[in-house]
Structures are given as structure tokens and as C-alpha cells.
$ cat work04.cif   # mmCIF, C-alpha atoms and all ligand atoms
data_upload
loop_
_atom_site.label_atom_id
_atom_site.label_comp_id
_atom_site.auth_asym_id
_atom_site.auth_seq_id
_atom_site.Cartn_x
_atom_site.Cartn_y
_atom_site.Cartn_z
CA MET H 153 11.75 4.73 -9.23
CA ASN H 154 10.26 2.24 -11.66
CA ILE H 155 7.30 3.28 -13.79
CA VAL H 156 5.30 0.58 -15.54
CA ILE H 157 2.66 1.76 -17.98
CA CYS H 158 0.01 -0.80 -18.87
CA SER H 159 -2.40 -0.71 -21.77
CA ASP H 160 -5.42 -1.21 -19.53
CA TYR H 161 -6.74 -2.07 -16.08
CA ALA H 162 -6.58 -5.83 -16.67
CA GLU H 163 -2.88 -5.62 -17.47
CA LEU H 164 -2.27 -3.39 -14.43
CA SER H 165 -4.01 -5.93 -12.18
CA ALA H 166 -2.00 -8.81 -13.67
CA LYS H 167 1.30 -6.89 -13.28
CA ALA H 168 0.58 -6.31 -9.59
CA ALA H 169 -0.19 -10.02 -9.15
CA ASP H 170 3.03 -10.92 -11.01
CA ILE H 171 5.03 -8.89 -8.49
CA LEU H 172 3.30 -10.53 -5.54
CA GLU H 173 3.65 -14.00 -7.06
CA ALA H 174 7.40 -13.56 -7.61
CA ALA H 175 7.92 -12.16 -4.11
CA LEU H 176 6.04 -15.09 -2.56
CA LYS H 177 8.20 -17.54 -4.49
CA GLU H 178 11.28 -15.93 -3.04
CA LYS H 179 9.84 -15.56 0.47
CA PRO H 180 6.71 -17.62 1.25
CA ASN H 181 6.38 -15.94 4.66
CA LEU H 182 6.22 -12.51 3.07
CA VAL H 183 4.84 -9.58 5.10
CA ILE H 184 2.50 -7.68 2.80
CA GLY H 185 0.71 -4.34 3.00
CA PHE H 186 -2.66 -4.21 1.24
CA PRO H 187 -4.85 -1.28 0.17
CA THR H 188 -8.60 -1.05 -0.39
CA GLY H 189 -10.71 1.06 -2.75
CA GLY H 190 -11.76 0.46 -6.32
CA THR H 191 -8.30 0.16 -7.86
CA PRO H 192 -7.03 -3.06 -6.24
CA VAL H 193 -10.20 -5.09 -6.89
CA GLY H 194 -8.79 -6.51 -10.15
CA PHE H 195 -5.50 -7.30 -8.39
CA TYR H 196 -7.37 -9.29 -5.74
CA GLU H 197 -9.38 -11.09 -8.44
CA GLU H 198 -6.10 -12.04 -10.07
CA ILE H 199 -4.67 -13.38 -6.78
CA VAL H 200 -7.81 -15.49 -6.35
CA LYS H 201 -7.77 -16.69 -9.96
CA ARG H 202 -4.12 -17.76 -9.63
CA GLN H 203 -4.73 -19.12 -6.11
CA LEU H 204 -1.46 -17.59 -4.94
CA ASP H 205 -0.17 -19.33 -1.84
CA LEU H 206 -0.49 -16.81 0.99
CA SER H 207 -0.71 -19.54 3.64
CA GLN H 208 2.58 -18.53 5.25
CA ALA H 209 2.23 -14.81 4.59
CA THR H 210 1.12 -12.06 6.95
CA ALA H 211 -0.89 -9.12 5.64
CA PHE H 212 -1.55 -5.70 7.12
CA ASN H 213 -4.13 -3.36 5.69
CA LEU H 214 -3.38 0.31 5.50
CA ASP H 215 -6.44 1.61 7.25
CA GLU H 216 -9.98 1.30 8.53
CA TYR H 217 -12.85 3.73 8.99
CA ILE H 218 -13.46 4.85 12.56
CA GLY H 219 -16.84 3.67 13.74
CA LEU H 220 -17.38 0.78 11.32
CA ALA H 221 -17.41 -2.68 12.89
CA ALA H 222 -15.71 -5.58 11.12
CA ASP H 223 -19.06 -6.90 9.84
CA HIS H 224 -20.20 -3.56 8.34
CA ASP H 225 -20.32 -4.04 4.57
CA GLN H 226 -18.28 -0.87 3.95
CA SER H 227 -15.62 -1.69 6.53
CA TYR H 228 -12.22 -2.65 5.20
CA HIS H 229 -12.36 -5.84 7.27
CA TYR H 230 -15.41 -6.80 5.23
CA TYR H 231 -13.83 -5.63 1.96
CA MET H 232 -10.75 -7.80 2.50
CA ARG H 233 -12.77 -10.89 3.39
CA HIS H 234 -15.11 -10.32 0.48
CA HIS H 235 -12.42 -9.72 -2.15
CA LEU H 236 -9.61 -11.91 -0.89
CA TYR H 237 -9.55 -13.75 2.41
CA ASN H 238 -12.75 -15.74 1.83
CA HIS H 239 -11.16 -17.11 -1.33
CA VAL H 240 -7.48 -17.83 -0.56
CA LYS H 241 -5.62 -19.27 2.40
CA ILE H 242 -3.81 -16.54 4.29
CA GLY H 243 -1.43 -17.03 7.21
CA LYS H 244 -2.32 -14.02 9.34
CA TRP H 245 -4.16 -10.85 8.42
CA TYR H 246 -4.73 -7.62 10.23
CA VAL H 247 -6.81 -4.49 9.70
CA PRO H 248 -6.85 -1.67 12.26
CA ASP H 249 -9.86 -1.84 14.59
CA GLY H 250 -12.08 1.10 13.71
CA THR H 251 -14.20 0.51 16.81
CA ALA H 252 -11.31 0.65 19.30
CA ALA H 253 -12.27 2.77 22.31
CA ASP H 254 -8.79 4.30 22.32
CA PRO H 255 -7.62 4.89 18.72
CA ALA H 256 -4.17 6.07 19.87
CA ALA H 257 -3.63 2.77 21.71
CA GLU H 258 -4.95 0.88 18.67
CA GLY H 259 -2.39 2.70 16.50
CA GLU H 260 0.37 1.66 18.86
CA ARG H 261 -0.89 -1.93 18.95
CA TYR H 262 -0.89 -2.04 15.14
CA GLU H 263 2.63 -0.64 14.91
CA ALA H 264 3.80 -3.27 17.42
CA LEU H 265 2.19 -6.05 15.35
CA ILE H 266 4.01 -4.85 12.22
CA LYS H 267 7.28 -4.70 14.11
CA GLU H 268 6.75 -8.16 15.58
CA ALA H 269 6.14 -9.51 12.06
CA GLY H 270 9.54 -8.15 11.04
CA GLY H 271 8.30 -5.10 9.12
CA ILE H 272 6.50 -4.92 5.78
CA ASP H 273 8.38 -6.48 2.87
CA LEU H 274 6.03 -5.47 0.08
CA MET H 275 3.50 -2.67 0.38
CA PHE H 276 0.80 -2.18 -2.25
CA LEU H 277 -0.87 1.23 -2.39
CA GLY H 278 -3.65 3.02 -4.20
CA ILE H 279 -3.74 6.81 -4.40
CA GLY H 280 -6.46 9.40 -3.86
CA THR H 281 -7.07 12.15 -6.41
CA ASN H 282 -5.59 14.50 -3.79
CA GLY H 283 -2.45 12.36 -3.45
CA HIS H 284 -3.35 10.58 -0.24
CA ILE H 285 -1.80 7.19 0.50
CA GLY H 286 -3.63 5.23 3.14
CA PHE H 287 -5.80 7.94 4.64
CA ASN H 288 -2.86 10.33 4.94
CA GLU H 289 -4.42 13.43 3.47
CA PRO H 290 -2.49 16.48 2.17
CA GLY H 291 -0.56 18.11 5.01
CA SER H 292 0.10 14.81 6.85
CA SER H 293 3.58 14.49 8.30
CA PHE H 294 6.02 12.31 6.39
CA ALA H 295 7.06 10.94 9.79
CA GLY H 296 3.55 9.86 10.85
CA ARG H 297 2.80 6.46 12.40
CA THR H 298 -0.50 4.54 12.61
CA GLN H 299 -3.05 6.88 14.14
CA LYS H 300 -6.49 8.43 13.93
CA THR H 301 -6.80 10.88 11.07
CA PRO H 302 -9.61 13.01 9.60
CA LEU H 303 -10.74 12.32 6.02
CA ALA H 304 -10.42 15.20 3.56
CA GLU H 305 -13.63 16.50 1.98
CA ALA H 306 -12.40 15.21 -1.42
CA THR H 307 -12.01 11.72 0.05
CA ILE H 308 -15.47 11.74 1.62
CA GLU H 309 -16.89 12.79 -1.75
CA ALA H 310 -14.89 10.15 -3.66
CA ASN H 311 -15.92 7.39 -1.26
CA ALA H 312 -19.59 8.39 -1.11
CA ARG H 313 -20.17 6.12 -4.13
CA PHE H 314 -19.73 3.11 -1.84
CA PHE H 315 -22.31 4.30 0.72
CA ALA H 316 -26.05 4.99 0.57
CA SER H 317 -25.31 8.72 0.91
CA LYS H 318 -22.40 11.06 1.51
CA ALA H 319 -23.66 11.61 5.06
CA ASP H 320 -23.00 7.92 5.77
CA VAL H 321 -19.27 8.14 4.97
CA PRO H 322 -17.24 8.13 8.18
CA THR H 323 -15.25 11.33 8.67
CA GLU H 324 -12.25 9.72 10.39
CA ALA H 325 -10.07 6.65 9.99
CA ILE H 326 -7.20 4.83 11.63
CA SER H 327 -4.40 4.73 9.08
CA MET H 328 -0.80 3.67 8.89
CA GLY H 329 1.19 6.89 8.81
CA ILE H 330 3.47 7.90 5.99
CA GLY H 331 6.43 6.88 8.15
CA THR H 332 4.88 3.43 8.57
CA ILE H 333 4.31 3.12 4.83
CA THR H 334 7.76 4.27 3.77
CA ASP H 335 9.41 1.87 6.23
CA ALA H 336 8.28 -0.93 3.88
CA LYS H 337 11.20 -2.46 2.02
CA ARG H 338 9.43 -2.32 -1.31
CA ILE H 339 6.42 -0.27 -2.43
CA VAL H 340 4.12 -0.76 -5.42
CA LEU H 341 1.52 1.93 -6.15
CA LEU H 342 -1.39 1.26 -8.50
CA ALA H 343 -3.24 4.03 -10.32
CA SER H 344 -5.93 3.62 -12.94
CA GLY H 345 -8.11 5.93 -14.99
CA PRO H 346 -8.18 9.57 -16.07
CA THR H 347 -9.13 10.91 -12.63
CA LYS H 348 -5.64 9.94 -11.43
CA ALA H 349 -3.66 11.52 -14.31
CA ALA H 350 -3.00 14.92 -12.72
CA ILE H 351 -2.06 13.54 -9.31
CA MET H 352 0.28 10.97 -10.86
CA LYS H 353 2.12 13.76 -12.62
CA ALA H 354 2.41 15.67 -9.34
CA THR H 355 3.46 12.51 -7.49
CA ILE H 356 6.17 11.44 -9.92
CA GLU H 357 7.36 14.73 -11.43
CA GLY H 358 6.38 17.40 -8.92
CA PRO H 359 8.21 18.60 -5.82
CA VAL H 360 8.34 16.31 -2.79
CA THR H 361 5.90 18.00 -0.46
CA GLU H 362 3.55 17.05 2.36
CA GLU H 363 0.83 18.74 0.29
CA VAL H 364 1.11 15.75 -2.11
CA PRO H 365 1.55 12.85 0.31
CA ALA H 366 2.47 10.30 -2.39
CA SER H 367 5.34 12.52 -3.59
CA VAL H 368 7.33 11.16 -0.62
CA LEU H 369 7.71 7.97 -2.64
CA GLN H 370 10.23 9.71 -4.90
CA ARG H 371 12.64 9.33 -1.97
CA HIS H 372 12.00 5.62 -1.41
CA PRO H 373 14.78 3.30 -2.63
CA ASP H 374 12.44 0.66 -4.10
CA VAL H 375 9.18 1.98 -5.49
CA THR H 376 7.26 0.89 -8.56
CA PHE H 377 4.35 2.84 -10.01
CA ILE H 378 1.99 0.71 -12.08
CA LEU H 379 -0.28 2.91 -14.15
CA ASP H 380 -2.69 2.32 -16.95
CA LYS H 381 -2.48 4.60 -19.98
CA ALA H 382 -5.19 6.93 -18.72
CA ALA H 383 -3.47 7.50 -15.36
CA ALA H 384 -0.12 8.04 -17.14
CA ALA H 385 -1.55 10.49 -19.68
CA GLU H 386 -0.03 13.62 -18.12
CA LEU H 387 3.48 12.28 -17.51
CA SER H 388 6.12 14.23 -19.47
CA ASN H 389 7.47 11.43 -21.59
CA GLU H 390 4.06 10.02 -22.47
P1 LIG A 1 -9.70 4.21 -5.41
O1 LIG A 1 -9.16 4.80 -4.04
O2 LIG A 1 -8.83 3.02 -5.72
O3 LIG A 1 -11.11 3.82 -5.10
O4 LIG A 1 -9.57 5.29 -6.41
C1 LIG A 1 -7.80 5.00 -3.89
C2 LIG A 1 -7.54 5.72 -2.61
O5 LIG A 1 -8.37 6.55 -2.19
O6 LIG A 1 -6.47 5.48 -2.02
#
$ encode --input "work04.cif" --output "C-alpha cells"
Amino acid sequence: MNIVICSDYAELSAKAADILEAALKEKPNLVIGFPTGGTPVGFYEEIVKRQLDLSQATAFNLDEYIGLAADHDQSYHYYMRHHLYNHVKIGKWYVPDGTAADPAAEGERYEALIKEAGGIDLMFLGIGTNGHIGFNEPGSSFAGRTQKTPLAEATIEANARFFASKADVPTEAISMGIGTITDAKRIVLLASGPTKAAIMKATIEGPVTEEVPASVLQRHPDVTFILDKAAAAELSNE
């Protein structure tokens, strides 16, 4: 487990881009996992600023809201185009289809696409204040695959800031499961700000439990946590 503590958000974003840049140099046809949310915005800005060459890469997003079409401005399809894919050349990119009539079949299709691509080489993650990774909320099985999953109340509240009102936040998503995520060869989790301090302590120093989904990462052979000072504030040796 590698823990990188950055002085601020700009440094955290640059560190994440450094890791991606180095991995692309080594393997231009990298298979990448990408998150959404507020935290990775600076990382995506950095990728665009550096014009990293993703032209041979394949990217899979973690999740998508159920019920939001790709052109909805809060869909993760839209988010990825807006922050990244409209601004860099990307080989292939995928986001689960939140409008699929059969979410279980969509989960299976997504898993098959990941498998066909050779598996995820480098997975970037954010984290919810409740420890979720993707939309795998507390209590999710560590063995889970891509599937439909309900959003926790804390997640709906946290994400309400992106919608006109809390009532507009979808209550379900299609998300890679924790099993899908931990199959990635290498994982990099980004956490920024004081609202993430307590959950980062639980994730890194607490027991490995399905009640703190991100705690599973303690068992992964190649995981890097990139935190800013505020998110690292409750770690024991800080
Ligand atoms: P945030 O979301 O980056 O907007 O805090 C992270 C998450 O919910 O995974």
C-alpha cells in the first residue's frame, strides 16, 4: 500500500496525471478505469493540459446513473465528454448504459467488454464519505460484478449539489462491482478535502470490512492512495 500525501489539490491532480503519463509511456494501449465526481476534475484538466496520448488506450468508467441518457448533463457519459473526451484523442471509451432496458444484461455486457480488452491495467478511484468506491455502498459484497445497485442516502445527499434538487438525483446506478474493481492490476485512489479525512482513516487503518467498501483495497497488491493534507489529517502518522 503506497500513501502519497500532497500539499494541495493541484499537487494531487498532477500526481495522478504523472502516474497515468508514466503508465502510457510503458504501455500506449493501456486499459484504464476512470471515476467521476468532483475529485478527479483537476486530474482530467491536467490530462488535457498535458495532452496525454490516449489514442491507443481503452477506458472504462466505473458507473452510470440508472435513468439518465448519455446526453443528460448529469450523466457520466456527459461528464466524461465534457471533462476529457472532447479535449483529447481516446482510442475507445465505455460507460455503462444507464438507460438499458435490462440492467443485469448491461452489467454482463460491460464485464465482457472489460474482459475482451484484457482487463483493467490502471484503475483510478474516488471515494464517498461513506467509503463507497464506484457506487458500491456499505454492505456491498467484495465479490460483486457490474450490476444495478441502489444509492445510499448519504450519496444522494452528497450528489444533490450537482442537480437542481435532491429529488432529481437518481436513486440507482449501474456500477462495476468491488470484484470488478479489485481485478484491476493497479489501483490509484484520490481523496481530497476535510470531508474525506475520517473515511480515509477507516479505509487505510481500520478493519477490512464490507461496511467500509474501500477497506478492501488494503488487500490489493498494488494500490496507491493519493491524498491532500486535509484528507490525510486523521491518519496516525500525520
Ligand atoms: P466526489 O465523489 O469526488 O465528488 O467527492 C467521490 C465519490 O462519491 O466516489
$ closest_residue --input "work04.cif" --among "H:Ala304, H:Leu172, H:Leu274, H:Val183" --to "ligand LIG 1 (chain A)" --atoms "only C-alpha atoms and all ligand atoms"
H:Ala304
$ closest_atom_pairs --input "work04.cif" --of "chain H" --to "ligand LIG 1 (chain A)" --cutoff "7 Å" --atoms "only C-alpha atoms and all ligand atoms" --output "JSON lines"
{"residue": "H:Thr188", "atom": "CA", "partner": "A:LIG1", "partner_atom": "O2", "distance": 6.7}
{"residue": "H:Gly189", "atom": "CA", "partner": "A:LIG1", "partner_atom": "O3", "distance": 3.6}
{"residue": "H:Gly190", "atom": "CA", "partner": "A:LIG1", "partner_atom": "O3", "distance": 3.6}
{"residue": "H:Thr191", "atom": "CA", "partner": "A:LIG1", "partner_atom": "O2", "distance": 3.6}
{"residue": "H:Pro192", "atom": "CA", "partner": "A:LIG1", "partner_atom": "O2", "distance": 6.4}
{"residue": "H:Gly278", "atom": "CA", "partner": "A:LIG1", "partner_atom": "O6", "distance": 4.3}
{"residue": "H:Ile279", "atom": "CA", "partner": "A:LIG1", "partner_atom": "O6", "distance": 3.9}
{"residue": "H:Gly280", "atom": "CA", "partner": "A:LIG1", "partner_atom": "O5", "distance": 3.8}
{"residue": "H:His284", "atom": "CA", "partner": "A:LIG1", "partner_atom": "O6", "distance": 6.2}
{"residue": "H:Ile285", "atom": "CA", "partner": "A:LIG1", "partner_atom": "O6", "distance": 5.6}
{"residue": "H:Gly286", "atom": "CA", "partner": "A:LIG1", "partner_atom": "O6", "distance": 5.9}
{"residue": "H:Thr307", "atom": "CA", "partner": "A:LIG1", "partner_atom": "O5", "distance": 6.7}
$ closest_residue --input "work04.cif" --among "H:Asp205, H:Glu216, H:Glu305, H:Glu386" --to "Leu182 of chain H" --atoms "only C-alpha atoms"
H:Asp205
$ closest_residue --input "work04.cif" --among "H:Ser388, H:Thr251, H:Ser344, H:Thr210" --to "Val193 of chain H" --atoms "all atoms listed in the file"
H:Ser344
$ closest_residue --input "work04.cif" --among "H:Ala385, H:Ala166, H:Met352, H:Ile333" --to "Arg202 of chain H" --atoms "all atoms listed in the file"
H:Ala166
$ residues_around --input "work04.cif" --residues "Thr347 of chain H" --least-positions-apart "2" --cutoff "9 Å" --atoms "only C-alpha atoms" --output "PyMOL selection string"
chain H and resi 281+344-345+349-351+382-383
$ write_last_selection --input "work04.cif" --atoms "C-alpha atoms" --output "PDB file, keeping the file's coordinate frame"
ATOM      1  CA  THR H 281      -7.070  12.150  -6.410  1.00  0.00           C
ATOM      2  CA  SER H 344      -5.930   3.620 -12.940  1.00  0.00           C
ATOM      3  CA  GLY H 345      -8.110   5.930 -14.990  1.00  0.00           C
ATOM      4  CA  ALA H 349      -3.660  11.520 -14.310  1.00  0.00           C
ATOM      5  CA  ALA H 350      -3.000  14.920 -12.720  1.00  0.00           C
ATOM      6  CA  ILE H 351      -2.060  13.540  -9.310  1.00  0.00           C
ATOM      7  CA  ALA H 382      -5.190   6.930 -18.720  1.00  0.00           C
ATOM      8  CA  ALA H 383      -3.470   7.500 -15.360  1.00  0.00           C
TER       9      ALA H 383
END
$ residues_around --input "work04.cif" --residues "Pro187 of chain H" --least-positions-apart "5" --cutoff "6 Å" --atoms "all atoms listed in the file" --output "ChimeraX atom specification"
/H:213-214,277
$ write_last_selection --input "work04.cif" --atoms "C-alpha atoms" --output "short mmCIF file (atom, residue, chain, number, x, y, z; two decimals), in the coordinates of the input"
data_model
loop_
_atom_site.label_atom_id
_atom_site.label_comp_id
_atom_site.auth_asym_id
_atom_site.auth_seq_id
_atom_site.Cartn_x
_atom_site.Cartn_y
_atom_site.Cartn_z
CA ASN H 213 -4.13 -3.36 5.69
CA LEU H 214 -3.38 0.31 5.50
CA LEU H 277 -0.87 1.23 -2.39
#
$ closest_residue --input "work04.cif" --among "H:Gln203, H:Thr355, H:Gly219, H:Ile242" --to "Glu173 of chain H" --atoms "only C-alpha atoms"
H:Gln203
$ residues_around --input "work04.cif" --residues "segment 253-259 of chain H" --least-positions-apart "5" --cutoff "7 Å" --atoms "all atoms listed in the file" --output "PyMOL selection string"
chain H and resi 298-300
$ closest_residue --input "work04.cif" --among "H:Val247, H:Ala384, H:Val240, H:Ala312" --to "Ile326 of chain H" --atoms "all atoms listed in the file"
H:Val247
$ atom_distance --input "work04.cif" --atom1 "atom CA of Ser227 of chain H" --atom2 "atom CA of Ser293 of chain H"
25.2 Å
$ residues_around --input "work04.cif" --residues "Lys267 of chain H" --least-positions-apart "3" --cutoff "12 Å" --atoms "only C-alpha atoms" --output "PDB file with C-alpha atoms, in the coordinates of the input"
ATOM      1  CA  VAL H 183       4.840  -9.580   5.100  1.00  0.00           C
ATOM      2  CA  THR H 210       1.120 -12.060   6.950  1.00  0.00           C
ATOM      3  CA  PHE H 212      -1.550  -5.700   7.120  1.00  0.00           C
ATOM      4  CA  GLU H 260       0.370   1.660  18.860  1.00  0.00           C
ATOM      5  CA  ARG H 261      -0.890  -1.930  18.950  1.00  0.00           C
ATOM      6  CA  TYR H 262      -0.890  -2.040  15.140  1.00  0.00           C
ATOM      7  CA  GLU H 263       2.630  -0.640  14.910  1.00  0.00           C
ATOM      8  CA  ALA H 264       3.800  -3.270  17.420  1.00  0.00           C
ATOM      9  CA  GLY H 270       9.540  -8.150  11.040  1.00  0.00           C
ATOM     10  CA  GLY H 271       8.300  -5.100   9.120  1.00  0.00           C
ATOM     11  CA  ILE H 272       6.500  -4.920   5.780  1.00  0.00           C
ATOM     12  CA  ASP H 273       8.380  -6.480   2.870  1.00  0.00           C
ATOM     13  CA  THR H 332       4.880   3.430   8.570  1.00  0.00           C
ATOM     14  CA  ASP H 335       9.410   1.870   6.230  1.00  0.00           C
ATOM     15  CA  ALA H 336       8.280  -0.930   3.880  1.00  0.00           C
TER      16      ALA H 336
END
$ axis_aligned_box --input "work04.cif" --around "segment 237-252 of chain H" --padding-each-side "3 Å" --output "JSON"
{"center_x": -7.8, "center_y": -9.1, "center_z": 9.0, "size_x": 18.8, "size_y": 26.4, "size_z": 26.6}
$ residues_around --input "work04.cif" --residues "Val364 of chain H" --least-positions-apart "5" --cutoff "8 Å" --atoms "all atoms listed in the file" --output "PyMOL selection string"
chain H and resi 282-284+290-291+354-355
$ atom_distance --input "work04.cif" --atom1 "atom CA of Ile171 of chain H" --atom2 "atom CA of Lys201 of chain H"
15.1 Å
$ atom_distance --input "work04.cif" --atom1 "atom CA of Ile155 of chain H" --atom2 "atom CA of Ile378 of chain H"
6.1 Å
